[in-house]
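Structure below is upload-v2.pdb: PDB, C-alpha atoms.
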ATOM      1  CA  MET T  16     -14.417  -7.589  46.530  1.00  0.00           C
ATOM      2  CA  THR T  17     -13.027 -11.062  45.885  1.00  0.00           C
ATOM      3  CA  HIS T  18     -12.540 -11.807  42.192  1.00  0.00           C
ATOM      4  CA  THR T  19     -12.896 -15.359  40.882  1.00  0.00           C
ATOM      5  CA  VAL T  20     -12.006 -16.890  37.547  1.00  0.00           C
ATOM      6  CA  ASP T  21     -11.808 -20.274  35.847  1.00  0.00           C
ATOM      7  CA  LEU T  22      -8.742 -21.418  33.890  1.00  0.00           C
ATOM      8  CA  VAL T  23      -9.489 -23.453  30.772  1.00  0.00           C
ATOM      9  CA  ALA T  24      -7.453 -24.850  27.881  1.00  0.00           C
ATOM     10  CA  ASP T  25      -8.071 -26.909  24.757  1.00  0.00           C
ATOM     11  CA  LEU T  26      -7.071 -30.527  25.358  1.00  0.00           C
ATOM     12  CA  GLY T  27      -7.060 -33.787  23.440  1.00  0.00           C
ATOM     13  CA  GLU T  28      -6.100 -32.093  20.200  1.00  0.00           C
ATOM     14  CA  GLY T  29      -4.046 -34.946  18.793  1.00  0.00           C
ATOM     15  CA  PHE T  30      -5.107 -37.591  16.313  1.00  0.00           C
ATOM     16  CA  GLY T  31      -3.937 -41.194  16.131  1.00  0.00           C
ATOM     17  CA  ALA T  32      -0.192 -41.276  16.764  1.00  0.00           C
ATOM     18  CA  TYR T  33       0.100 -37.493  16.655  1.00  0.00           C
ATOM     19  CA  THR T  34      -0.092 -35.210  19.676  1.00  0.00           C
ATOM     20  CA  MET T  35      -0.285 -31.441  20.088  1.00  0.00           C
ATOM     21  CA  GLY T  36       0.617 -29.680  23.321  1.00  0.00           C
ATOM     22  CA  ASP T  37       1.433 -31.118  26.734  1.00  0.00           C
ATOM     23  CA  ASP T  38      -1.963 -31.942  28.213  1.00  0.00           C
ATOM     24  CA  GLU T  39      -0.534 -33.586  31.327  1.00  0.00           C
ATOM     25  CA  ALA T  40       1.426 -30.466  32.257  1.00  0.00           C
ATOM     26  CA  LEU T  41      -1.528 -28.167  31.565  1.00  0.00           C
ATOM     27  CA  LEU T  42      -3.783 -30.202  33.832  1.00  0.00           C
ATOM     28  CA  ASP T  43      -1.684 -29.031  36.786  1.00  0.00           C
ATOM     29  CA  VAL T  44      -2.873 -25.477  36.069  1.00  0.00           C
ATOM     30  CA  LEU T  45      -6.486 -25.855  34.895  1.00  0.00           C
ATOM     31  CA  THR T  46      -9.885 -25.972  36.525  1.00  0.00           C
ATOM     32  CA  SER T  47     -11.757 -26.728  33.249  1.00  0.00           C
ATOM     33  CA  ALA T  48     -10.946 -28.291  29.867  1.00  0.00           C
ATOM     34  CA  ASN T  49     -12.273 -27.941  26.323  1.00  0.00           C
ATOM     35  CA  ILE T  50     -11.909 -31.429  24.843  1.00  0.00           C
ATOM     36  CA  ALA T  51     -11.721 -31.958  21.081  1.00  0.00           C
ATOM     37  CA  CYS T  52     -14.559 -34.168  19.856  1.00  0.00           C
ATOM     38  CA  GLY T  53     -13.162 -35.620  16.636  1.00  0.00           C
ATOM     39  CA  PHE T  54     -13.985 -33.088  13.935  1.00  0.00           C
ATOM     40  CA  HIS T  55     -10.847 -30.904  14.116  1.00  0.00           C
ATOM     41  CA  ALA T  56      -8.786 -33.198  16.342  1.00  0.00           C
ATOM     42  CA  GLY T  57      -9.256 -36.029  18.792  1.00  0.00           C
ATOM     43  CA  ASP T  58     -10.274 -39.640  18.272  1.00  0.00           C
ATOM     44  CA  PRO T  59     -12.041 -42.153  20.529  1.00  0.00           C
ATOM     45  CA  ARG T  60      -8.855 -43.233  22.314  1.00  0.00           C
ATOM     46  CA  ILE T  61      -7.689 -39.666  22.885  1.00  0.00           C
ATOM     47  CA  MET T  62     -11.131 -38.527  24.044  1.00  0.00           C
ATOM     48  CA  ASP T  63     -11.320 -41.456  26.480  1.00  0.00           C
ATOM     49  CA  ALA T  64      -7.854 -40.813  27.904  1.00  0.00           C
ATOM     50  CA  THR T  65      -8.367 -37.045  28.165  1.00  0.00           C
ATOM     51  CA  VAL T  66     -11.635 -37.391  30.078  1.00  0.00           C
ATOM     52  CA  ARG T  67     -10.010 -39.960  32.367  1.00  0.00           C
ATOM     53  CA  HIS T  68      -7.104 -37.618  33.138  1.00  0.00           C
ATOM     54  CA  CYS T  69      -9.506 -34.738  33.813  1.00  0.00           C
ATOM     55  CA  VAL T  70     -11.512 -36.827  36.258  1.00  0.00           C
ATOM     56  CA  ARG T  71      -8.361 -37.905  38.103  1.00  0.00           C
ATOM     57  CA  ARG T  72      -7.225 -34.273  38.445  1.00  0.00           C
ATOM     58  CA  GLY T  73     -10.651 -32.854  39.317  1.00  0.00           C
ATOM     59  CA  VAL T  74     -10.796 -30.760  36.140  1.00  0.00           C
ATOM     60  CA  ALA T  75     -14.275 -30.048  34.740  1.00  0.00           C
ATOM     61  CA  VAL T  76     -14.986 -31.530  31.300  1.00  0.00           C
ATOM     62  CA  GLY T  77     -16.231 -29.395  28.413  1.00  0.00           C
ATOM     63  CA  ALA T  78     -16.913 -30.151  24.740  1.00  0.00           C
ATOM     64  CA  HIS T  79     -14.979 -28.362  21.995  1.00  0.00           C
ATOM     65  CA  PRO T  80     -17.004 -28.912  18.792  1.00  0.00           C
ATOM     66  CA  SER T  81     -15.720 -27.725  15.427  1.00  0.00           C
ATOM     67  CA  PHE T  82     -16.424 -27.554  11.746  1.00  0.00           C
ATOM     68  CA  PRO T  83     -15.690 -30.967  10.145  1.00  0.00           C
ATOM     69  CA  ASP T  84     -12.201 -29.814   9.139  1.00  0.00           C
ATOM     70  CA  LEU T  85      -9.619 -32.318  10.321  1.00  0.00           C
ATOM     71  CA  VAL T  86      -7.052 -31.281   7.725  1.00  0.00           C
ATOM     72  CA  GLY T  87      -7.324 -27.574   8.555  1.00  0.00           C
ATOM     73  CA  PHE T  88      -7.590 -28.083  12.339  1.00  0.00           C
ATOM     74  CA  GLY T  89     -11.015 -26.444  12.300  1.00  0.00           C
ATOM     75  CA  ARG T  90      -9.556 -23.052  11.442  1.00  0.00           C
ATOM     76  CA  ARG T  91     -10.976 -22.743   7.915  1.00  0.00           C
ATOM     77  CA  ALA T  92     -14.362 -21.269   7.035  1.00  0.00           C
ATOM     78  CA  MET T  93     -16.849 -23.808   5.647  1.00  0.00           C
ATOM     79  CA  ASP T  94     -20.113 -23.113   3.875  1.00  0.00           C
ATOM     80  CA  LEU T  95     -22.342 -25.143   6.179  1.00  0.00           C
ATOM     81  CA  SER T  96     -26.041 -24.580   6.625  1.00  0.00           C
ATOM     82  CA  PRO T  97     -27.282 -23.701  10.120  1.00  0.00           C
ATOM     83  CA  ASP T  98     -28.873 -27.141  10.383  1.00  0.00           C
ATOM     84  CA  GLU T  99     -25.562 -28.789   9.548  1.00  0.00           C
ATOM     85  CA  VAL T 100     -23.942 -26.746  12.314  1.00  0.00           C
ATOM     86  CA  ARG T 101     -26.695 -27.765  14.744  1.00  0.00           C
ATOM     87  CA  THR T 102     -26.437 -31.475  13.994  1.00  0.00           C
ATOM     88  CA  ASP T 103     -22.626 -31.455  13.909  1.00  0.00           C
ATOM     89  CA  VAL T 104     -22.570 -29.886  17.378  1.00  0.00           C
ATOM     90  CA  LEU T 105     -25.101 -32.439  18.656  1.00  0.00           C
ATOM     91  CA  TYR T 106     -22.994 -35.283  17.246  1.00  0.00           C
ATOM     92  CA  GLN T 107     -19.763 -34.081  18.834  1.00  0.00           C
ATOM     93  CA  VAL T 108     -21.130 -33.167  22.255  1.00  0.00           C
ATOM     94  CA  GLY T 109     -23.030 -36.448  22.380  1.00  0.00           C
ATOM     95  CA  ALA T 110     -19.827 -38.377  21.714  1.00  0.00           C
ATOM     96  CA  LEU T 111     -18.044 -36.649  24.577  1.00  0.00           C
ATOM     97  CA  GLN T 112     -21.030 -37.205  26.859  1.00  0.00           C
ATOM     98  CA  ALA T 113     -20.599 -40.946  26.325  1.00  0.00           C
ATOM     99  CA  PHE T 114     -16.984 -40.859  27.490  1.00  0.00           C
ATOM    100  CA  ALA T 115     -17.882 -38.581  30.398  1.00  0.00           C
ATOM    101  CA  ALA T 116     -20.582 -41.014  31.556  1.00  0.00           C
ATOM    102  CA  ALA T 117     -18.174 -43.931  31.220  1.00  0.00           C
ATOM    103  CA  HIS T 118     -15.803 -42.176  33.626  1.00  0.00           C
ATOM    104  CA  GLY T 119     -18.463 -41.158  36.126  1.00  0.00           C
ATOM    105  CA  THR T 120     -18.661 -37.481  35.244  1.00  0.00           C
ATOM    106  CA  ARG T 121     -20.662 -35.191  32.942  1.00  0.00           C
ATOM    107  CA  VAL T 122     -19.975 -32.560  30.341  1.00  0.00           C
ATOM    108  CA  GLN T 123     -20.105 -29.136  32.020  1.00  0.00           C
ATOM    109  CA  HIS T 124     -19.899 -26.761  29.061  1.00  0.00           C
ATOM    110  CA  VAL T 125     -19.730 -26.369  25.289  1.00  0.00           C
ATOM    111  CA  ALA T 126     -17.089 -24.132  23.689  1.00  0.00           C
ATOM    112  CA  PRO T 127     -17.060 -23.911  19.859  1.00  0.00           C
ATOM    113  CA  HIS T 128     -13.573 -24.214  18.373  1.00  0.00           C
ATOM    114  CA  GLY T 129     -11.596 -22.258  15.822  1.00  0.00           C
ATOM    115  CA  ARG T 130     -13.403 -20.762  12.867  1.00  0.00           C
ATOM    116  CA  LEU T 131     -16.774 -21.931  14.167  1.00  0.00           C
ATOM    117  CA  GLY T 132     -16.015 -20.177  17.448  1.00  0.00           C
ATOM    118  CA  ASN T 133     -15.181 -16.969  15.580  1.00  0.00           C
ATOM    119  CA  LEU T 134     -18.276 -17.077  13.371  1.00  0.00           C
ATOM    120  CA  VAL T 135     -20.818 -17.771  16.120  1.00  0.00           C
ATOM    121  CA  ALA T 136     -19.798 -14.465  17.679  1.00  0.00           C
ATOM    122  CA  VAL T 137     -20.930 -12.528  14.599  1.00  0.00           C
ATOM    123  CA  ARG T 138     -23.390 -14.775  12.697  1.00  0.00           C
ATOM    124  CA  ALA T 139     -26.833 -14.946  14.271  1.00  0.00           C
ATOM    125  CA  ASP T 140     -27.819 -18.053  12.266  1.00  0.00           C
ATOM    126  CA  TYR T 141     -24.829 -20.075  13.446  1.00  0.00           C
ATOM    127  CA  ALA T 142     -25.285 -18.786  16.999  1.00  0.00           C
ATOM    128  CA  ALA T 143     -28.901 -19.942  16.945  1.00  0.00           C
ATOM    129  CA  ALA T 144     -27.839 -23.339  15.585  1.00  0.00           C
ATOM    130  CA  VAL T 145     -25.363 -23.934  18.413  1.00  0.00           C
ATOM    131  CA  THR T 146     -27.859 -22.682  20.977  1.00  0.00           C
ATOM    132  CA  ASP T 147     -30.570 -24.985  19.624  1.00  0.00           C
ATOM    133  CA  ALA T 148     -28.218 -27.952  19.838  1.00  0.00           C
ATOM    134  CA  VAL T 149     -27.252 -27.230  23.441  1.00  0.00           C
ATOM    135  CA  ALA T 150     -30.790 -26.409  24.608  1.00  0.00           C
ATOM    136  CA  SER T 151     -32.245 -29.563  23.079  1.00  0.00           C
ATOM    137  CA  LEU T 152     -29.507 -31.823  24.435  1.00  0.00           C
ATOM    138  CA  ASP T 153     -29.005 -30.566  27.995  1.00  0.00           C
ATOM    139  CA  PRO T 154     -30.177 -27.098  29.105  1.00  0.00           C
ATOM    140  CA  SER T 155     -27.905 -27.306  32.145  1.00  0.00           C
ATOM    141  CA  LEU T 156     -24.846 -27.077  29.887  1.00  0.00           C
ATOM    142  CA  ILE T 157     -22.917 -23.801  30.070  1.00  0.00           C
ATOM    143  CA  VAL T 158     -22.177 -22.085  26.758  1.00  0.00           C
ATOM    144  CA  LEU T 159     -18.619 -20.787  26.686  1.00  0.00           C
ATOM    145  CA  ALA T 160     -18.179 -17.860  24.284  1.00  0.00           C
ATOM    146  CA  GLN T 161     -16.882 -14.390  23.677  1.00  0.00           C
ATOM    147  CA  ASP T 162     -19.342 -11.532  23.930  1.00  0.00           C
ATOM    148  CA  GLY T 163     -21.423 -11.521  20.759  1.00  0.00           C
ATOM    149  CA  GLU T 164     -24.215 -13.358  18.967  1.00  0.00           C
ATOM    150  CA  LEU T 165     -23.745 -16.753  20.637  1.00  0.00           C
ATOM    151  CA  ALA T 166     -23.669 -15.319  24.140  1.00  0.00           C
ATOM    152  CA  ASP T 167     -26.786 -13.256  23.401  1.00  0.00           C
ATOM    153  CA  ALA T 168     -28.665 -16.179  21.822  1.00  0.00           C
ATOM    154  CA  ALA T 169     -27.800 -18.524  24.680  1.00  0.00           C
ATOM    155  CA  ARG T 170     -28.953 -16.053  27.322  1.00  0.00           C
ATOM    156  CA  ALA T 171     -32.187 -15.501  25.397  1.00  0.00           C
ATOM    157  CA  ARG T 172     -32.862 -19.259  25.610  1.00  0.00           C
ATOM    158  CA  GLY T 173     -32.213 -19.288  29.348  1.00  0.00           C
ATOM    159  CA  LEU T 174     -28.824 -21.014  29.097  1.00  0.00           C
ATOM    160  CA  ARG T 175     -25.937 -20.117  31.367  1.00  0.00           C
ATOM    161  CA  VAL T 176     -23.102 -18.316  29.613  1.00  0.00           C
ATOM    162  CA  GLY T 177     -19.440 -18.133  30.551  1.00  0.00           C
ATOM    163  CA  ILE T 178     -17.492 -15.354  28.850  1.00  0.00           C
ATOM    164  CA  VAL T 179     -13.965 -16.282  27.837  1.00  0.00           C
ATOM    165  CA  GLY T 180     -11.014 -13.913  27.911  1.00  0.00           C
ATOM    166  CA  ILE T 181      -8.000 -14.718  25.749  1.00  0.00           C
ATOM    167  CA  ALA T 182      -4.986 -12.920  27.133  1.00  0.00           C
ATOM    168  CA  ASP T 183      -2.443 -13.991  24.496  1.00  0.00           C
ATOM    169  CA  ARG T 184      -4.565 -12.908  21.526  1.00  0.00           C
ATOM    170  CA  ALA T 185      -4.793  -9.364  20.204  1.00  0.00           C
ATOM    171  CA  TYR T 186      -8.222  -7.713  20.272  1.00  0.00           C
ATOM    172  CA  ARG T 187      -9.605  -5.237  17.757  1.00  0.00           C
ATOM    173  CA  ASP T 188     -11.296  -2.049  18.929  1.00  0.00           C
ATOM    174  CA  ASP T 189     -14.716  -3.700  18.415  1.00  0.00           C
ATOM    175  CA  GLY T 190     -13.862  -6.525  20.831  1.00  0.00           C
ATOM    176  CA  THR T 191     -13.288  -9.215  18.198  1.00  0.00           C
ATOM    177  CA  LEU T 192      -9.997 -11.081  17.919  1.00  0.00           C
ATOM    178  CA  VAL T 193      -7.375 -10.140  15.366  1.00  0.00           C
ATOM    179  CA  PRO T 194      -7.354 -13.088  12.889  1.00  0.00           C
ATOM    180  CA  ARG T 195      -4.398 -15.450  13.170  1.00  0.00           C
ATOM    181  CA  SER T 196      -3.592 -14.681   9.525  1.00  0.00           C
ATOM    182  CA  GLU T 197      -2.627 -11.115  10.487  1.00  0.00           C
ATOM    183  CA  PRO T 198       0.675 -10.062  12.092  1.00  0.00           C
ATOM    184  CA  GLY T 199       0.586  -9.623  15.853  1.00  0.00           C
ATOM    185  CA  ALA T 200      -2.528 -11.751  16.334  1.00  0.00           C
ATOM    186  CA  VAL T 201      -0.805 -13.897  18.976  1.00  0.00           C
ATOM    187  CA  LEU T 202       1.176 -12.276  21.797  1.00  0.00           C
ATOM    188  CA  HIS T 203       4.302 -13.885  23.232  1.00  0.00           C
ATOM    189  CA  ASP T 204       5.644 -11.625  26.004  1.00  0.00           C
ATOM    190  CA  GLU T 205       4.931 -13.377  29.333  1.00  0.00           C
ATOM    191  CA  GLN T 206       4.862 -10.207  31.400  1.00  0.00           C
ATOM    192  CA  GLU T 207       2.478  -8.439  29.017  1.00  0.00           C
ATOM    193  CA  ILE T 208       0.144 -11.436  28.839  1.00  0.00           C
ATOM    194  CA  ALA T 209       0.102 -11.896  32.620  1.00  0.00           C
ATOM    195  CA  GLU T 210      -0.664  -8.219  33.184  1.00  0.00           C
ATOM    196  CA  ARG T 211      -3.445  -8.295  30.576  1.00  0.00           C
ATOM    197  CA  THR T 212      -4.956 -11.322  32.289  1.00  0.00           C
ATOM    198  CA  VAL T 213      -5.049  -9.694  35.716  1.00  0.00           C
ATOM    199  CA  ARG T 214      -6.631  -6.533  34.224  1.00  0.00           C
ATOM    200  CA  MET T 215      -9.300  -8.594  32.452  1.00  0.00           C
ATOM    201  CA  VAL T 216     -10.288 -10.271  35.694  1.00  0.00           C
ATOM    202  CA  THR T 217     -10.014  -7.338  38.095  1.00  0.00           C
ATOM    203  CA  GLU T 218     -10.932  -4.361  35.885  1.00  0.00           C
ATOM    204  CA  GLY T 219     -12.921  -5.990  33.075  1.00  0.00           C
ATOM    205  CA  VAL T 220     -10.883  -4.316  30.324  1.00  0.00           C
ATOM    206  CA  ILE T 221      -8.163  -5.195  27.831  1.00  0.00           C
ATOM    207  CA  ARG T 222      -5.992  -2.952  25.655  1.00  0.00           C
ATOM    208  CA  SER T 223      -6.903  -3.252  21.955  1.00  0.00           C
ATOM    209  CA  VAL T 224      -4.518  -3.020  18.991  1.00  0.00           C
ATOM    210  CA  GLY T 225      -5.862   0.502  18.521  1.00  0.00           C
ATOM    211  CA  GLY T 226      -4.693   1.478  22.004  1.00  0.00           C
ATOM    212  CA  GLN T 227      -8.156   1.574  23.565  1.00  0.00           C
ATOM    213  CA  ASP T 228      -9.203  -0.036  26.845  1.00  0.00           C
ATOM    214  CA  ILE T 229     -12.211  -2.062  25.744  1.00  0.00           C
ATOM    215  CA  PRO T 230     -14.626  -3.885  28.079  1.00  0.00           C
ATOM    216  CA  VAL T 231     -14.056  -7.648  28.333  1.00  0.00           C
ATOM    217  CA  ARG T 232     -15.999  -9.651  30.871  1.00  0.00           C
ATOM    218  CA  CYS T 233     -13.918 -12.630  31.921  1.00  0.00           C
ATOM    219  CA  ASP T 234     -15.462 -15.661  33.623  1.00  0.00           C
ATOM    220  CA  THR T 235     -12.710 -17.929  32.341  1.00  0.00           C
ATOM    221  CA  VAL T 236      -9.229 -17.362  30.947  1.00  0.00           C
ATOM    222  CA  LEU T 237      -8.299 -19.464  27.914  1.00  0.00           C
ATOM    223  CA  LEU T 238      -4.753 -20.797  28.092  1.00  0.00           C
ATOM    224  CA  HIS T 239      -3.005 -22.333  25.107  1.00  0.00           C
ATOM    225  CA  GLY T 240      -0.800 -25.414  25.192  1.00  0.00           C
ATOM    226  CA  ASP T 241       0.367 -25.569  21.565  1.00  0.00           C
ATOM    227  CA  THR T 242       2.681 -22.546  21.373  1.00  0.00           C
ATOM    228  CA  PRO T 243       6.374 -22.265  22.383  1.00  0.00           C
ATOM    229  CA  GLY T 244       6.712 -21.736  26.134  1.00  0.00           C
ATOM    230  CA  ALA T 245       2.997 -22.399  26.676  1.00  0.00           C
ATOM    231  CA  ILE T 246       3.374 -24.374  29.898  1.00  0.00           C
ATOM    232  CA  ALA T 247       5.653 -21.800  31.522  1.00  0.00           C
ATOM    233  CA  LEU T 248       3.227 -19.075  30.464  1.00  0.00           C
ATOM    234  CA  ALA T 249       0.243 -20.955  31.905  1.00  0.00           C
ATOM    235  CA  HIS T 250       2.015 -21.268  35.260  1.00  0.00           C
ATOM    236  CA  ARG T 251       3.006 -17.589  35.145  1.00  0.00           C
ATOM    237  CA  ILE T 252      -0.596 -16.531  34.544  1.00  0.00           C
ATOM    238  CA  ARG T 253      -1.845 -18.693  37.405  1.00  0.00           C
ATOM    239  CA  GLU T 254       0.824 -17.311  39.753  1.00  0.00           C
ATOM    240  CA  GLU T 255       0.046 -13.697  38.825  1.00  0.00           C
ATOM    241  CA  LEU T 256      -3.688 -14.240  39.374  1.00  0.00           C
ATOM    242  CA  LEU T 257      -3.098 -15.768  42.794  1.00  0.00           C
ATOM    243  CA  ALA T 258      -0.693 -12.965  43.691  1.00  0.00           C
ATOM    244  CA  ALA T 259      -3.482 -10.496  42.884  1.00  0.00           C
ATOM    245  CA  ASP T 260      -5.755 -12.309  45.397  1.00  0.00           C
ATOM    246  CA  ILE T 261      -7.904 -13.764  42.631  1.00  0.00           C
ATOM    247  CA  LYS T 262      -9.525 -17.094  43.465  1.00  0.00           C
ATOM    248  CA  ILE T 263      -9.175 -19.737  40.748  1.00  0.00           C
ATOM    249  CA  THR T 264     -12.197 -22.024  40.704  1.00  0.00           C
ATOM    250  CA  PRO T 265     -14.234 -24.117  38.208  1.00  0.00           C
ATOM    251  CA  LEU T 266     -16.502 -22.258  35.812  1.00  0.00           C
ATOM    252  CA  ALA T 267     -19.755 -23.372  37.428  1.00  0.00           C
ATOM    253  CA  ASP T 268     -18.584 -21.947  40.758  1.00  0.00           C
ATOM    254  CA  VAL T 269     -17.562 -18.671  39.103  1.00  0.00           C
ATOM    255  CA  LEU T 270     -21.027 -18.303  37.566  1.00  0.00           C
ATOM    256  CA  ASP T 271     -22.731 -19.271  40.828  1.00  0.00           C
ATOM    257  CA  GLY T 272     -20.866 -16.441  42.499  1.00  0.00           C
ATOM    258  CA  ARG T 273     -21.889 -13.978  39.761  1.00  0.00           C
ATOM    259  CA  ASP T 274     -25.553 -15.010  40.114  1.00  0.00           C
ATOM    260  CA  ALA T 275     -25.615 -14.866  43.920  1.00  0.00           C
TER     261      ALA T 275
END

Representation of the structure as structure tokens:
Amino acid sequence: MTHTVDLVADLGEGFGAYTMGDDEALLDVLTSANIACGFHAGDPRIMDATVRHCVRRGVAVGAHPSFPDLVGFGRRAMDLSPDEVRTDVLYQVGALQAFAAAHGTRVQHVAPHGRLGNLVAVRADYAAAVTDAVASLDPSLIVLAQDGELADAARARGLRVGIVGIADRAYRDDGTLVPRSEPGAVLHDEQEIAERTVRMVTEGVIRSVGGQDIPVRCDTVLLHGDTPGAIALAHRIREELLAADIKITPLADVLDGRDA
């Protein structure tokens, strides 16, 4: 059996004169991108440039909507109503769609960022809000999520779902991520991360902090560009996947293969 997987990373996460991560270097590795839409990072100039670079490299464009938390980089919980979540997602994805159209492409997927991304996995009301926004805007959009409430809600509405595996984050026994506020939440050993990635793709499991092999479907692997050694790690992961005879291809192609 030939295994396929998409490689995605969060891009455009600067603001004004400030930058975070090396987007240009990451684009050499990726097949898809989650682009910040202004609420946790990103501004019109950065969004425009990031979409342009993706188009030039043949990298699929995805929206990375967040809570309106620019100061906290979208990583803080906010007491928003479900309708505020729905309209905030519509606003952000719509903004990125404008830049995508201007550069002759389209938004392929929607991947909630940070704390919003964590909460939609466990809160049915927020999951429904994001699903409503996507379904009403463009039902052909792919919802990128971890297994949980958002993935279930999106499938129930007939939307395509791509499950994301995060090889450099620690997983609890229940399949949720260890919060960044806790020790050991982010892994740093290249060999360990690369091996975890290959297992996720080929075996569909990952070792939890409790020492259990838990099931993790992996349509796309999320790479990070804002940690020390991130670019070297991204290349290492790509090399290890290719060495394991895993085909790296855009998310839509991965899902097409799953559905065939």

Could you write out as a PyMOL selection string the residues that the PyMOL selection byres ((chain T and resi 222-227) around 12) matches in the shown file?
-> chain T and resi 181-193+197-202+207-208+210-212+214-215+218-221+228-231

Residues of region 16-124 of chain T within 9 Å of region 252-261 of chain T: nearest atom pair and distance (Å, one decimal) for each, counting only C-alpha atoms, sorted by chain and number, as JSON lines?
{"residue": "T:Thr17", "atom": "CA", "partner": "T:Ile261", "partner_atom": "CA", "distance": 6.6}
{"residue": "T:His18", "atom": "CA", "partner": "T:Ile261", "partner_atom": "CA", "distance": 5.1}
{"residue": "T:Thr19", "atom": "CA", "partner": "T:Ile261", "partner_atom": "CA", "distance": 5.5}
{"residue": "T:Val20", "atom": "CA", "partner": "T:Ile261", "partner_atom": "CA", "distance": 7.2}
{"residue": "T:Leu22", "atom": "CA", "partner": "T:Arg253", "partner_atom": "CA", "distance": 8.2}
{"residue": "T:Val44", "atom": "CA", "partner": "T:Arg253", "partner_atom": "CA", "distance": 7.0}
{"residue": "T:Leu45", "atom": "CA", "partner": "T:Arg253", "partner_atom": "CA", "distance": 8.9}

Using only C-alpha atoms, determine which residues lie at most 10 Å from Thr120 (chain T), disregarding the query and same-chain residues fewer than 6 positions distant; provide the list as a PDB file with C-alpha atoms, keeping the file's coordinate frame.
ATOM      1  CA  VAL T  66     -11.635 -37.391  30.078  1.00  0.00           C
ATOM      2  CA  ARG T  67     -10.010 -39.960  32.367  1.00  0.00           C
ATOM      3  CA  CYS T  69      -9.506 -34.738  33.813  1.00  0.00           C
ATOM      4  CA  VAL T  70     -11.512 -36.827  36.258  1.00  0.00           C
ATOM      5  CA  ALA T  75     -14.275 -30.048  34.740  1.00  0.00           C
ATOM      6  CA  VAL T  76     -14.986 -31.530  31.300  1.00  0.00           C
ATOM      7  CA  GLN T 112     -21.030 -37.205  26.859  1.00  0.00           C
ATOM      8  CA  ALA T 113     -20.599 -40.946  26.325  1.00  0.00           C
ATOM      9  CA  PHE T 114     -16.984 -40.859  27.490  1.00  0.00           C
TER      10      PHE T 114
END

Sorted by chain and rising residue number, which residues of region 139-204 of chain T lie within 12 Å of region 233-238 of chain T, and what are their closest atom pairs and distances in Å to one decimal, counting only C-alpha atoms, as CSV?
residue,atom,partner,partner_atom,distance
T:Ile157,CA,T:Asp234,CA,11.6
T:Val158,CA,T:Asp234,CA,11.6
T:Leu159,CA,T:Thr235,CA,8.7
T:Ala160,CA,T:Thr235,CA,9.7
T:Gln161,CA,T:Cys233,CA,8.9
T:Asp162,CA,T:Cys233,CA,9.7
T:Arg175,CA,T:Asp234,CA,11.6
T:Val176,CA,T:Asp234,CA,9.0
T:Gly177,CA,T:Asp234,CA,5.6
T:Ile178,CA,T:Asp234,CA,5.2
T:Val179,CA,T:Thr235,CA,5.0
T:Gly180,CA,T:Val236,CA,4.9
T:Ile181,CA,T:Leu237,CA,5.2
T:Ala182,CA,T:Val236,CA,7.2
T:Asp183,CA,T:Leu238,CA,8.0
T:Arg184,CA,T:Leu237,CA,9.9

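With CA of Gly36 (chain T) on one side and CA of Pro243 (chain T) on the other, the separation reads 9.4 Å.
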
Picked residues, the PyMOL selection byres ((chain T and resi 143-154) around 10), expected as an MDAnalysis selection string | chainID T and resid 80 96:106 108:109 122:127 131 135 138:142 155:158 164:175
